[in-house]
$ cat structure-v5.csv   # CSV, C-alpha atoms and all ligand atoms
chain,number,residue,atom,x,y,z
G,1,MET,CA,76.4,-4.4,109.7
G,2,ILE,CA,73.5,-4.0,112.1
G,3,PRO,CA,71.0,-6.7,110.9
G,4,TYR,CA,67.2,-6.1,110.8
G,5,GLY,CA,66.8,-9.1,113.2
G,6,ARG,CA,68.9,-11.5,115.1
G,7,GLN,CA,68.5,-14.3,117.6
G,8,SER,CA,69.4,-14.0,121.3
G,9,ILE,CA,71.1,-17.1,122.6
G,10,SER,CA,72.0,-17.4,126.3
G,11,GLU,CA,74.3,-19.7,128.2
G,12,GLU,CA,71.2,-21.5,129.5
G,13,ASP,CA,70.0,-22.1,125.9
G,14,ILE,CA,73.4,-23.6,125.0
G,15,GLN,CA,73.4,-25.8,128.1
G,16,ALA,CA,69.8,-27.0,127.4
G,17,VAL,CA,70.9,-28.3,123.9
G,18,VAL,CA,74.1,-29.9,125.3
G,19,ASP,CA,72.0,-31.7,128.0
G,20,VAL,CA,69.8,-33.2,125.3
G,21,LEU,CA,72.8,-34.5,123.3
G,22,LYS,CA,73.8,-36.5,126.4
G,23,SER,CA,70.2,-37.8,127.0
G,24,ASP,CA,68.4,-40.9,125.5
G,25,PHE,CA,66.2,-39.0,123.0
G,26,LEU,CA,67.4,-36.9,120.1
G,27,THR,CA,64.0,-36.5,118.3
G,28,GLN,CA,60.4,-36.2,119.4
G,29,GLY,CA,60.8,-37.1,123.0
G,30,PRO,CA,60.2,-35.4,126.4
G,31,ALA,CA,61.7,-32.1,125.4
G,32,THR,CA,59.3,-31.8,122.5
G,33,ARG,CA,56.4,-32.3,124.9
G,34,ARG,CA,57.9,-29.8,127.3
G,35,PHE,CA,58.2,-27.2,124.5
G,36,GLU,CA,54.5,-27.8,123.6
G,37,GLU,CA,53.5,-27.3,127.3
G,38,ALA,CA,55.5,-24.1,127.3
G,39,LEU,CA,53.5,-22.9,124.2
G,40,GLU,CA,50.2,-24.1,125.7
G,41,GLU,CA,50.9,-22.1,128.9
G,42,ALA,CA,52.1,-18.9,127.1
G,43,CYS,CA,49.2,-19.0,124.6
G,44,ASP,CA,46.6,-20.1,127.2
G,45,VAL,CA,45.5,-22.9,124.8
G,46,PRO,CA,44.9,-26.6,125.5
G,47,HIS,CA,46.8,-28.1,122.5
G,48,ALA,CA,50.2,-27.2,120.9
G,49,ILE,CA,51.8,-29.4,118.3
G,50,ALA,CA,55.5,-28.7,117.5
G,51,VAL,CA,56.8,-29.4,114.0
G,52,ASN,CA,60.0,-28.7,112.0
G,53,SER,CA,58.9,-25.3,110.5
G,54,ALA,CA,56.0,-22.9,110.2
G,55,THR,CA,55.8,-24.0,106.6
G,56,SER,CA,55.1,-27.6,107.7
G,57,ALA,CA,52.7,-26.3,110.4
G,58,LEU,CA,50.7,-24.3,107.7
G,59,HIS,CA,50.7,-27.4,105.5
G,60,ILE,CA,49.3,-29.8,108.0
G,61,GLY,CA,47.0,-27.1,109.4
G,62,CYS,CA,45.4,-26.9,105.9
G,63,LEU,CA,45.1,-30.7,105.7
G,64,ALA,CA,43.6,-31.0,109.2
G,65,LEU,CA,41.0,-28.5,108.2
G,66,GLY,CA,40.1,-30.7,105.2
G,67,VAL,CA,41.5,-28.4,102.5
G,68,GLY,CA,42.0,-30.4,99.3
G,69,ALA,CA,41.6,-30.3,95.5
G,70,GLY,CA,38.9,-28.0,94.3
G,71,ASP,CA,38.8,-26.0,97.5
G,72,LEU,CA,39.6,-22.3,97.7
G,73,VAL,CA,42.0,-20.7,100.3
G,74,TRP,CA,42.4,-16.9,100.7
G,75,THR,CA,45.3,-15.1,102.4
G,76,THR,CA,47.0,-11.7,102.2
G,77,PRO,CA,49.5,-10.8,99.4
G,78,THR,CA,51.8,-9.1,101.9
G,79,SER,CA,53.4,-12.1,103.5
G,80,PHE,CA,56.1,-14.7,103.0
G,81,VAL,CA,55.2,-17.1,100.2
G,82,ALA,CA,54.7,-20.0,102.8
G,83,SER,CA,51.4,-18.4,103.8
G,84,SER,CA,49.9,-19.2,100.4
G,85,ASN,CA,52.0,-22.1,99.2
G,86,CYS,CA,50.4,-24.3,101.9
G,87,ALA,CA,47.1,-24.2,100.0
G,88,LEU,CA,48.8,-25.2,96.8
G,89,TYR,CA,50.5,-28.2,98.5
G,90,CYS,CA,47.0,-29.5,99.2
G,91,GLY,CA,45.9,-29.1,95.6
G,92,ALA,CA,43.6,-26.2,96.5
G,93,ASP,CA,43.3,-22.9,94.6
G,94,ILE,CA,44.7,-19.7,96.2
G,95,ASP,CA,43.4,-16.2,96.0
G,96,PHE,CA,44.3,-13.0,97.9
G,97,VAL,CA,42.5,-10.2,99.8
G,98,ASP,CA,44.2,-6.8,99.7
G,99,ILE,CA,45.6,-5.2,102.8
G,100,ASP,CA,44.5,-2.3,105.0
G,101,PRO,CA,46.8,0.7,104.2
G,102,LYS,CA,47.1,1.6,107.8
G,103,THR,CA,47.9,-1.7,109.6
G,104,PHE,CA,49.2,-3.5,106.4
G,105,ASN,CA,47.1,-6.6,107.5
G,106,LEU,CA,44.4,-8.3,105.5
G,107,SER,CA,41.6,-5.8,105.3
G,108,PRO,CA,38.2,-7.1,106.8
G,109,GLN,CA,36.4,-4.5,104.6
G,110,LYS,CA,38.0,-5.9,101.4
G,111,LEU,CA,37.4,-9.4,102.7
G,112,GLU,CA,33.7,-8.7,103.1
G,113,GLU,CA,33.4,-7.2,99.6
G,114,LYS,CA,35.2,-10.2,98.1
G,115,LEU,CA,33.0,-12.6,100.0
G,116,LYS,CA,29.8,-10.9,98.7
G,117,GLN,CA,31.1,-11.3,95.1
G,118,ALA,CA,32.3,-14.9,95.8
G,119,LYS,CA,28.9,-15.8,97.2
G,120,ALA,CA,27.1,-14.4,94.1
G,121,LYS,CA,29.5,-16.5,91.9
G,122,GLY,CA,28.9,-19.6,94.2
G,123,ARG,CA,32.6,-20.0,95.0
G,124,LEU,CA,33.4,-19.2,98.7
G,125,PRO,CA,36.7,-19.9,100.4
G,126,LYS,CA,37.0,-23.0,102.7
G,127,LEU,CA,39.8,-21.4,104.7
G,128,VAL,CA,41.1,-17.8,105.2
G,129,ILE,CA,44.7,-17.3,106.5
G,130,PRO,CA,45.2,-13.9,108.2
G,131,VAL,CA,48.8,-13.0,108.8
G,132,HIS,CA,49.8,-10.8,111.8
G,133,LEU,CA,52.3,-8.8,109.8
G,134,THR,CA,55.2,-7.4,111.8
G,135,GLY,CA,53.6,-8.9,114.9
G,136,GLN,CA,50.5,-6.6,114.9
G,137,PRO,CA,47.4,-8.8,115.2
G,138,CYS,CA,44.8,-8.7,112.5
G,139,ASP,CA,41.2,-7.5,113.2
G,140,MET,CA,40.3,-11.0,114.3
G,141,ALA,CA,36.9,-10.3,115.7
G,142,ALA,CA,35.8,-8.9,112.3
G,143,ILE,CA,37.4,-11.8,110.4
G,144,HIS,CA,35.8,-14.3,112.7
G,145,ALA,CA,32.3,-12.7,112.3
G,146,LEU,CA,32.7,-13.0,108.5
G,147,GLY,CA,33.8,-16.7,109.0
G,148,GLN,CA,30.6,-17.4,110.9
G,149,ALA,CA,28.4,-15.6,108.3
G,150,TYR,CA,30.1,-17.2,105.2
G,151,GLY,CA,31.2,-20.5,106.7
G,152,PHE,CA,35.0,-20.6,106.3
G,153,ALA,CA,37.6,-21.9,108.7
G,154,ILE,CA,40.4,-19.5,110.0
G,155,MET,CA,44.1,-20.3,110.4
G,156,GLU,CA,46.2,-17.5,111.8
G,157,ASP,CA,49.8,-17.2,110.5
G,158,ALA,CA,51.3,-15.8,113.7
G,159,SER,CA,54.9,-16.4,112.6
G,160,HIS,CA,55.6,-12.8,113.7
G,161,CYS,CA,53.6,-12.7,116.8
G,162,ILE,CA,54.5,-15.1,119.6
G,163,GLY,CA,54.1,-13.2,122.8
G,164,GLY,CA,51.7,-10.7,121.2
G,165,LYS,CA,48.1,-10.1,122.3
G,166,TYR,CA,44.8,-9.2,120.7
G,167,LYS,CA,42.2,-7.5,122.9
G,168,GLY,CA,44.3,-8.6,125.9
G,169,VAL,CA,44.3,-12.3,125.0
G,170,PRO,CA,47.5,-14.1,123.9
G,171,ILE,CA,47.9,-14.8,120.2
G,172,GLY,CA,47.7,-18.6,119.9
G,173,ALA,CA,44.7,-18.9,122.2
G,174,CYS,CA,42.6,-19.4,119.0
G,175,GLU,CA,39.8,-17.4,120.4
G,176,TYR,CA,38.8,-16.3,116.9
G,177,SER,CA,40.3,-19.1,114.8
G,178,ASP,CA,40.6,-22.9,114.4
G,179,ILE,CA,44.4,-23.1,114.3
G,180,THR,CA,47.3,-20.7,115.0
G,181,VAL,CA,50.7,-21.2,113.4
G,182,PHE,CA,54.1,-20.0,114.8
G,183,SER,CA,57.6,-19.9,113.3
G,184,PHE,CA,60.8,-20.4,115.3
G,185,HIS,CA,63.2,-19.4,112.6
G,186,PRO,CA,66.2,-17.5,113.9
G,187,VAL,CA,65.0,-14.1,112.7
G,188,LYS,CA,61.7,-14.5,114.6
G,189,ILE,CA,61.0,-13.6,118.2
G,190,VAL,CA,61.7,-17.0,119.7
G,191,THR,CA,64.0,-19.5,117.9
G,192,THR,CA,64.6,-23.3,117.7
G,193,ALA,CA,66.9,-22.8,114.7
G,194,GLU,CA,64.2,-24.2,112.4
G,195,GLY,CA,60.8,-25.0,113.9
G,196,GLY,CA,57.2,-24.2,114.0
G,197,ALA,CA,54.0,-25.1,115.8
G,198,CYS,CA,50.2,-25.3,115.5
G,199,THR,CA,48.0,-24.4,118.5
G,200,THR,CA,44.3,-25.2,118.7
G,201,GLN,CA,41.4,-25.5,121.2
G,202,ASP,CA,39.9,-28.5,119.3
G,203,LYS,CA,41.0,-31.9,120.5
G,204,GLY,CA,40.0,-33.6,117.2
G,205,LEU,CA,42.2,-31.2,115.2
G,206,ALA,CA,45.1,-31.7,117.6
G,207,GLU,CA,44.9,-35.4,117.1
G,208,LYS,CA,44.9,-35.0,113.3
G,209,LEU,CA,47.8,-32.6,113.4
G,210,LYS,CA,49.9,-35.0,115.6
G,211,MET,CA,49.3,-37.8,113.1
G,212,LEU,CA,50.0,-35.7,110.1
G,213,ARG,CA,53.4,-34.6,111.4
G,214,THR,CA,54.5,-38.3,111.7
G,215,HIS,CA,53.3,-40.2,108.5
G,216,GLY,CA,49.6,-40.3,109.4
G,217,ILE,CA,50.5,-42.9,112.1
G,218,THR,CA,48.9,-43.4,115.5
G,219,ARG,CA,49.7,-45.7,118.4
G,220,ASP,CA,46.6,-44.5,120.3
G,221,GLU,CA,44.2,-47.5,120.3
G,222,THR,CA,41.2,-45.2,120.5
G,223,LEU,CA,42.1,-43.8,117.1
G,224,MET,CA,42.5,-47.2,115.4
G,225,THR,CA,40.1,-49.0,113.1
G,226,GLU,CA,40.5,-52.3,114.8
G,227,ALA,CA,42.0,-53.8,118.1
G,228,SER,CA,45.7,-53.5,118.5
G,229,HIS,CA,47.7,-56.5,117.3
G,230,GLY,CA,50.2,-56.1,120.3
G,231,PRO,CA,52.7,-53.7,121.8
G,232,TRP,CA,54.5,-53.2,118.5
G,233,TYR,CA,51.4,-52.2,116.7
G,234,TYR,CA,50.7,-48.8,115.0
G,235,GLN,CA,48.2,-47.8,112.3
G,236,GLN,CA,48.5,-45.5,109.4
G,237,THR,CA,45.0,-44.1,108.8
G,238,MET,CA,45.9,-41.0,106.7
G,239,LEU,CA,48.7,-39.7,104.5
G,240,GLY,CA,51.2,-37.8,106.6
G,241,TYR,CA,54.7,-36.6,106.6
G,242,ASN,CA,57.9,-36.5,108.6
G,243,TYR,CA,57.6,-33.0,110.1
G,244,ARG,CA,59.0,-33.9,113.5
G,245,MET,CA,61.0,-31.4,115.6
G,246,THR,CA,64.2,-32.7,117.1
G,247,GLU,CA,64.9,-32.8,120.8
G,248,LEU,CA,67.8,-30.3,120.3
G,249,GLN,CA,65.4,-27.8,118.8
G,250,ALA,CA,62.7,-28.4,121.4
G,251,ALA,CA,65.2,-28.0,124.3
G,252,LEU,CA,66.3,-24.7,122.8
G,253,GLY,CA,62.7,-23.8,122.5
G,254,VAL,CA,61.9,-24.6,126.1
G,255,SER,CA,64.8,-22.5,127.3
G,256,GLN,CA,63.9,-19.6,124.9
G,257,MET,CA,60.2,-19.7,125.9
G,258,GLN,CA,61.2,-18.8,129.5
G,259,ARG,CA,62.2,-15.4,128.1
G,260,VAL,CA,59.4,-14.8,125.6
G,261,HIS,CA,57.8,-12.0,127.6
G,262,GLU,CA,61.2,-10.4,128.2
G,263,PHE,CA,61.9,-10.6,124.4
G,264,VAL,CA,58.7,-8.9,123.5
G,265,ALA,CA,58.9,-6.3,126.3
G,266,ARG,CA,62.4,-5.3,125.1
G,267,ARG,CA,61.1,-5.0,121.5
G,268,HIS,CA,58.4,-2.7,122.8
G,269,GLU,CA,60.9,-0.6,124.6
G,270,LEU,CA,63.0,-0.3,121.5
G,271,ALA,CA,59.9,0.5,119.4
G,272,ALA,CA,58.9,3.2,121.9
G,273,ARG,CA,62.4,4.6,121.6
G,274,TYR,CA,62.2,4.7,117.8
G,275,GLU,CA,58.9,6.6,118.2
G,276,THR,CA,60.8,9.5,119.7
G,277,LEU,CA,64.1,9.1,117.9
G,278,LEU,CA,62.4,9.1,114.4
G,279,ALA,CA,59.7,11.7,115.2
G,280,ASP,CA,61.3,14.5,113.2
G,281,LEU,CA,62.4,12.5,110.2
G,282,PRO,CA,60.4,12.5,106.9
G,283,LEU,CA,58.9,9.1,107.3
G,284,ASP,CA,55.8,7.3,108.6
G,285,ARG,CA,56.3,5.1,111.7
G,286,PRO,CA,54.3,1.9,112.1
G,287,TYR,CA,50.7,2.6,113.2
G,288,GLN,CA,49.5,0.5,116.2
G,289,HIS,CA,45.9,-0.4,116.5
G,290,PRO,CA,44.5,0.1,120.1
G,291,ASP,CA,43.3,-3.6,120.2
G,292,SER,CA,46.8,-4.8,119.5
G,293,TYR,CA,49.8,-5.7,121.7
G,294,SER,CA,52.3,-6.4,118.9
G,295,GLY,CA,55.0,-9.1,119.0
G,296,TYR,CA,57.1,-6.5,117.2
G,297,HIS,CA,58.9,-9.0,115.0
G,298,LEU,CA,59.5,-6.1,112.5
G,299,TYR,CA,59.7,-2.3,112.6
G,300,VAL,CA,58.6,-1.0,109.2
G,301,ILE,CA,59.1,2.6,108.2
G,302,GLN,CA,57.7,4.4,105.0
G,303,PRO,CA,59.9,7.4,104.0
G,304,HIS,CA,58.0,10.2,102.4
G,305,PHE,CA,59.3,9.6,98.9
G,306,ASP,CA,57.1,12.2,97.4
G,307,LYS,CA,59.1,14.8,99.3
G,308,LEU,CA,62.6,13.2,98.8
G,309,SER,CA,64.8,13.5,95.8
G,310,LYS,CA,65.7,9.8,96.1
G,311,THR,CA,63.9,6.6,95.1
G,312,HIS,CA,63.0,3.7,97.4
G,313,LYS,CA,65.8,1.7,95.8
G,314,GLN,CA,68.3,4.5,96.2
G,315,VAL,CA,67.5,4.9,99.9
G,316,PHE,CA,67.6,1.2,100.4
G,317,GLU,CA,71.0,0.9,98.7
G,318,GLU,CA,72.4,3.9,100.7
G,319,LEU,CA,71.2,2.4,104.0
G,320,ARG,CA,72.9,-0.9,103.2
G,321,ALA,CA,76.1,0.9,102.1
G,322,GLU,CA,76.1,2.7,105.5
G,323,GLY,CA,75.9,-0.7,107.3
G,324,LEU,CA,72.2,-1.0,108.0
G,325,GLY,CA,70.9,-4.5,107.3
G,326,VAL,CA,67.6,-3.1,106.2
G,327,ASN,CA,65.2,-5.5,104.4
G,328,LEU,CA,61.8,-5.5,102.8
G,329,HIS,CA,58.8,-7.6,104.1
G,330,TYR,CA,57.3,-8.5,101.6
G,331,ILE,CA,57.3,-8.6,97.9
G,332,PRO,CA,53.6,-9.1,97.1
G,333,ILE,CA,53.1,-12.9,96.7
G,334,HIS,CA,50.9,-12.5,93.6
G,335,THR,CA,53.7,-10.7,91.7
G,336,GLN,CA,56.1,-13.7,92.1
G,337,PRO,CA,56.7,-15.3,88.7
G,338,TYR,CA,55.3,-18.6,90.0
G,339,TYR,CA,52.1,-16.9,91.0
G,340,LYS,CA,51.9,-14.9,87.7
G,341,GLY,CA,52.0,-18.4,86.1
G,342,LEU,CA,48.8,-19.2,88.0
G,343,GLY,CA,47.1,-16.1,86.4
G,344,PHE,CA,47.8,-13.3,88.9
G,345,LYS,CA,49.1,-10.0,87.5
G,346,ASP,CA,50.6,-6.6,88.6
G,347,GLY,CA,47.8,-4.3,89.7
G,348,ASP,CA,45.6,-7.1,91.2
G,349,PHE,CA,46.2,-5.9,94.8
G,350,PRO,CA,47.1,-2.2,94.7
G,351,ALA,CA,47.4,-1.6,98.5
G,352,ALA,CA,49.9,-4.5,98.8
G,353,GLU,CA,51.9,-3.1,95.8
G,354,ASP,CA,51.9,0.4,97.2
G,355,TYR,CA,53.2,-0.9,100.5
G,356,TYR,CA,55.9,-2.8,98.7
G,357,ALA,CA,56.9,0.4,96.8
G,358,LYS,CA,57.5,2.4,100.1
G,359,SER,CA,58.4,0.1,103.0
G,360,ILE,CA,61.7,-0.6,104.7
G,361,SER,CA,62.2,-2.9,107.7
G,362,ILE,CA,64.8,-1.3,110.0
G,363,PRO,CA,66.7,-3.2,112.7
G,364,LEU,CA,64.7,-4.3,115.8
G,365,TYR,CA,65.7,-7.3,117.9
G,366,HIS,CA,66.0,-8.3,121.5
G,367,ALA,CA,69.8,-7.9,121.8
G,368,MET,CA,70.0,-4.6,120.0
G,369,THR,CA,71.6,-1.9,122.2
G,370,GLU,CA,70.6,1.7,122.6
G,371,ALA,CA,73.9,2.8,121.0
G,372,GLN,CA,73.1,0.6,118.0
G,373,GLN,CA,69.6,2.2,117.8
G,374,ASP,CA,71.2,5.7,118.0
G,375,GLU,CA,73.5,4.7,115.1
G,376,VAL,CA,70.5,3.5,113.1
G,377,THR,CA,68.8,6.9,113.7
G,378,ALA,CA,71.9,8.8,112.7
G,379,ILE,CA,72.2,6.9,109.5
G,380,LEU,CA,68.6,7.3,108.6
G,381,LYS,CA,69.0,11.1,109.3
G,382,ARG,CA,71.9,11.3,106.9
G,383,VAL,CA,70.2,9.3,104.1
G,384,LEU,CA,66.7,10.9,104.4
G,385,THR,CA,67.6,14.6,105.0
Q,1,LIG,C1,58.9,-17.0,108.5
Q,1,LIG,C2,57.5,-17.1,108.0
Q,1,LIG,C3,57.0,-18.3,107.6
Q,1,LIG,C4,57.8,-19.5,107.4
Q,1,LIG,O1,58.4,-19.9,108.6
Q,1,LIG,P1,59.4,-21.2,108.6
Q,1,LIG,O2,59.5,-21.6,110.0
Q,1,LIG,O3,60.7,-20.6,108.0
Q,1,LIG,O4,58.8,-22.2,107.7
Q,1,LIG,C5,55.6,-18.3,107.3
Q,1,LIG,N1,54.9,-17.2,107.3
Q,1,LIG,C6,55.4,-16.0,107.7
Q,1,LIG,C7,54.5,-14.8,107.8
Q,1,LIG,C8,56.7,-15.9,108.1
Q,1,LIG,O5,57.3,-14.7,108.4
$ encode --input "structure-v5.csv" --output "structure tokens"
Amino acid sequence: MIPYGRQSISEEDIQAVVDVLKSDFLTQGPATRRFEEALEEACDVPHAIAVNSATSALHIGCLALGVGAGDLVWTTPTSFVASSNCALYCGADIDFVDIDPKTFNLSPQKLEEKLKQAKAKGRLPKLVIPVHLTGQPCDMAAIHALGQAYGFAIMEDASHCIGGKYKGVPIGACEYSDITVFSFHPVKIVTTAEGGACTTQDKGLAEKLKMLRTHGITRDETLMTEASHGPWYYQQTMLGYNYRMTELQAALGVSQMQRVHEFVARRHELAARYETLLADLPLDRPYQHPDSYSGYHLYVIQPHFDKLSKTHKQVFEELRAEGLGVNLHYIPIHTQPYYKGLGFKDGDFPAAEDYYAKSISIPLYHAMTEAQQDEVTAILKRVLT
């Protein structure tokens, strides 16, 4: 089976983890800080806060931005459920903005229309979470301008996009947002097995995020409500969690981050190769906006089902039977039974539902060989023609 995504682990990565096991710290020590520094450098941002998953990063990101009961958070329906669950963890209400049919990202036009209606009803969102789907950055300048006009915060879910750029600036720099979140799950571009991070330009947000990942506790006297009682003293001033990253994960992350540009460059090479290899097949290849340098976490094709005698499901099953680990990113979140229980229904976000009905993620990962890519092409040819 050729998977749709796979981690690349080098001998140096393995040695980095083994070295940590022989060191004094197994959790949140010097390797965690080194990993954060690697993220700060790659993203050109003053603050990175590493945690145990992107899900945790999204949760504490919402909390640091003050999202709570009665607040409204908007995101895209075409994402992993974690992008919207984070608002529900905080007791906030969630709603969605439909996608742009070309980029598959949250549509700034639909966002503006929805904001106008929300303003008339007197219920504007406190936070909007754009997701850089497949690694292609959203139209952040447009979303940011709407944020200024309507007064909402912005948290980028960049789980697909480490190493990507928007208008030449690294994703994670937070040029158009308050916080950016990354995932380091093994299928993503850079891995720490499980792991995530928040980046921000704002020192106050960074301090809150650091406290929220470790029980709401601080040892920094400048953040305490009274003078320290002594060297043992710490204060809990908010309700936080244990979302710490281990040193094993962080050491793997430091080692992986040395290759982030190589990882993304190789994904671009493979994507460019697909452009030629798939050019004559009855399918749409992923559109790339000129402002975007994608992280290329995923390569999503849309076969021309109106001209094929097979359904989406049949094509999917035949590709799997031929040994292609194709997948589908994503089932629209609002159609999940849990979300239907909150009042959403089929038909609420037609562009996201149309995308779901047509899309297939085909293999793309750093360690993929050209021979494997030729095999993927041959299988697609057999199944689609
Ligand atoms: C993978 C992913 C997440 C969750 O990441 P974890 O690190 O597994 O918690 C969130 N959002 C998106 C868009 C993702 O792809």
$ closest_residue --input "structure-v5.csv" --among "G:Ala69, G:Val45, G:Ser183, G:Asp98" --to "ligand LIG 1 (chain Q)" --atoms "only C-alpha atoms and all ligand atoms"
G:Ser183
$ residues_near_point --input "structure-v5.csv" --point "(59.6, -19.9, 113.9)" --cutoff "7 Å" --atoms "all atoms listed in the file" --output "CSV table (one decimal) with C-alpha atoms, in the frame of the given file"
chain,number,residue,atom,x,y,z
G,53,SER,CA,58.9,-25.3,110.5
G,54,ALA,CA,56.0,-22.9,110.2
G,159,SER,CA,54.9,-16.4,112.6
G,182,PHE,CA,54.1,-20.0,114.8
G,183,SER,CA,57.6,-19.9,113.3
G,184,PHE,CA,60.8,-20.4,115.3
G,185,HIS,CA,63.2,-19.4,112.6
G,188,LYS,CA,61.7,-14.5,114.6
G,190,VAL,CA,61.7,-17.0,119.7
G,191,THR,CA,64.0,-19.5,117.9
G,194,GLU,CA,64.2,-24.2,112.4
G,195,GLY,CA,60.8,-25.0,113.9
G,196,GLY,CA,57.2,-24.2,114.0
$ atom_distance --input "structure-v5.csv" --atom1 "CA of Ile99 (chain G)" --atom2 "CA of Ala352 (chain G)"
5.9 Å
$ residues_around --input "structure-v5.csv" --residues "Arg382 (chain G)" --least-positions-apart "5" --cutoff "10 Å" --atoms "only C-alpha atoms" --output "compact mmCIF listing (two decimals) with C-alpha atoms, in the coordinates of the input"
# COMPACT_ATOMS: atom_id res chain seq x y z
CA GLU G 318 72.40 3.90 100.70
CA LEU G 319 71.20 2.40 104.00
CA GLU G 322 76.10 2.70 105.50
CA THR G 377 68.80 6.90 113.70
$ closest_residue --input "structure-v5.csv" --among "G:Leu65, G:Cys198, G:Leu205, G:Leu58" --to "ligand LIG 1 (chain Q)" --atoms "only C-alpha atoms and all ligand atoms"
G:Leu58
$ closest_atom_pairs --input "structure-v5.csv" --of "chain G" --to "ligand LIG 1 (chain Q)" --cutoff "10 Å" --atoms "all atoms listed in the file" --output "CSV"
residue,atom,partner,partner_atom,distance
G:Val51,CA,Q:LIG1,O2,9.2
G:Asn52,CA,Q:LIG1,O2,7.4
G:Ser53,CA,Q:LIG1,O2,3.8
G:Ala54,CA,Q:LIG1,O2,3.7
G:Thr55,CA,Q:LIG1,O4,3.7
G:Ser56,CA,Q:LIG1,O4,6.5
G:Ala57,CA,Q:LIG1,O4,7.8
G:Leu58,CA,Q:LIG1,C5,7.8
G:His59,CA,Q:LIG1,O4,9.9
G:Thr76,CA,Q:LIG1,C7,9.9
G:Thr78,CA,Q:LIG1,C7,8.6
G:Ser79,CA,Q:LIG1,C7,5.2
G:Phe80,CA,Q:LIG1,C6,4.9
G:Val81,CA,Q:LIG1,N1,7.1
G:Ala82,CA,Q:LIG1,C5,4.9
G:Ser83,CA,Q:LIG1,N1,5.1
G:Ser84,CA,Q:LIG1,N1,8.8
G:Asn85,CA,Q:LIG1,C5,9.6
G:Cys86,CA,Q:LIG1,C5,9.6
G:Pro130,CA,Q:LIG1,C7,9.4
G:Val131,CA,Q:LIG1,C7,6.1
G:His132,CA,Q:LIG1,C7,7.4
G:Leu133,CA,Q:LIG1,C7,6.7
G:Thr134,CA,Q:LIG1,O5,8.3
G:Gly135,CA,Q:LIG1,C7,9.3
G:Glu156,CA,Q:LIG1,C7,9.6
G:Asp157,CA,Q:LIG1,C7,5.9
G:Ala158,CA,Q:LIG1,C7,6.8
G:Ser159,CA,Q:LIG1,C8,4.9
G:His160,CA,Q:LIG1,O5,5.9
G:Cys161,CA,Q:LIG1,C7,9.3
G:Val181,CA,Q:LIG1,C5,8.3
G:Phe182,CA,Q:LIG1,O2,7.4
G:Ser183,CA,Q:LIG1,O2,4.2
G:Phe184,CA,Q:LIG1,O2,5.6
G:His185,CA,Q:LIG1,O2,5.0
G:Pro186,CA,Q:LIG1,O3,8.6
G:Val187,CA,Q:LIG1,C1,8.0
G:Lys188,CA,Q:LIG1,C1,7.2
G:Thr191,CA,Q:LIG1,O2,9.3
G:Thr192,CA,Q:LIG1,O2,9.4
G:Ala193,CA,Q:LIG1,O2,8.8
G:Glu194,CA,Q:LIG1,O2,5.9
G:Gly195,CA,Q:LIG1,O2,5.3
G:Gly196,CA,Q:LIG1,O2,5.3
G:Ala197,CA,Q:LIG1,O2,8.7
G:His297,CA,Q:LIG1,O5,8.9
G:Leu298,CA,Q:LIG1,O5,9.8
G:His329,CA,Q:LIG1,O5,8.4
G:Tyr330,CA,Q:LIG1,O5,9.2
$ atom_distance --input "structure-v5.csv" --atom1 "CA of Ala265 (chain G)" --atom2 "CA of Gly164 (chain G)"
9.9 Å
$ atom_distance --input "structure-v5.csv" --atom1 "CA of Tyr356 (chain G)" --atom2 "CA of Pro77 (chain G)"
10.3 Å
$ residues_around --input "structure-v5.csv" --residues "Asp95 (chain G)" --least-positions-apart "2" --cutoff "12 Å" --atoms "only C-alpha atoms" --output "PyMOL selection string"
chain G and resi 71-77+83-85+87-88+92-93+97-98+111+114-115+118+123-129+333-334+339-340+342-345+348-349
$ closest_residue --input "structure-v5.csv" --among "G:Asn105, G:Gly253, G:Cys90, G:Tyr365" --to "Glu37 (chain G)" --atoms "all atoms listed in the file"
G:Gly253
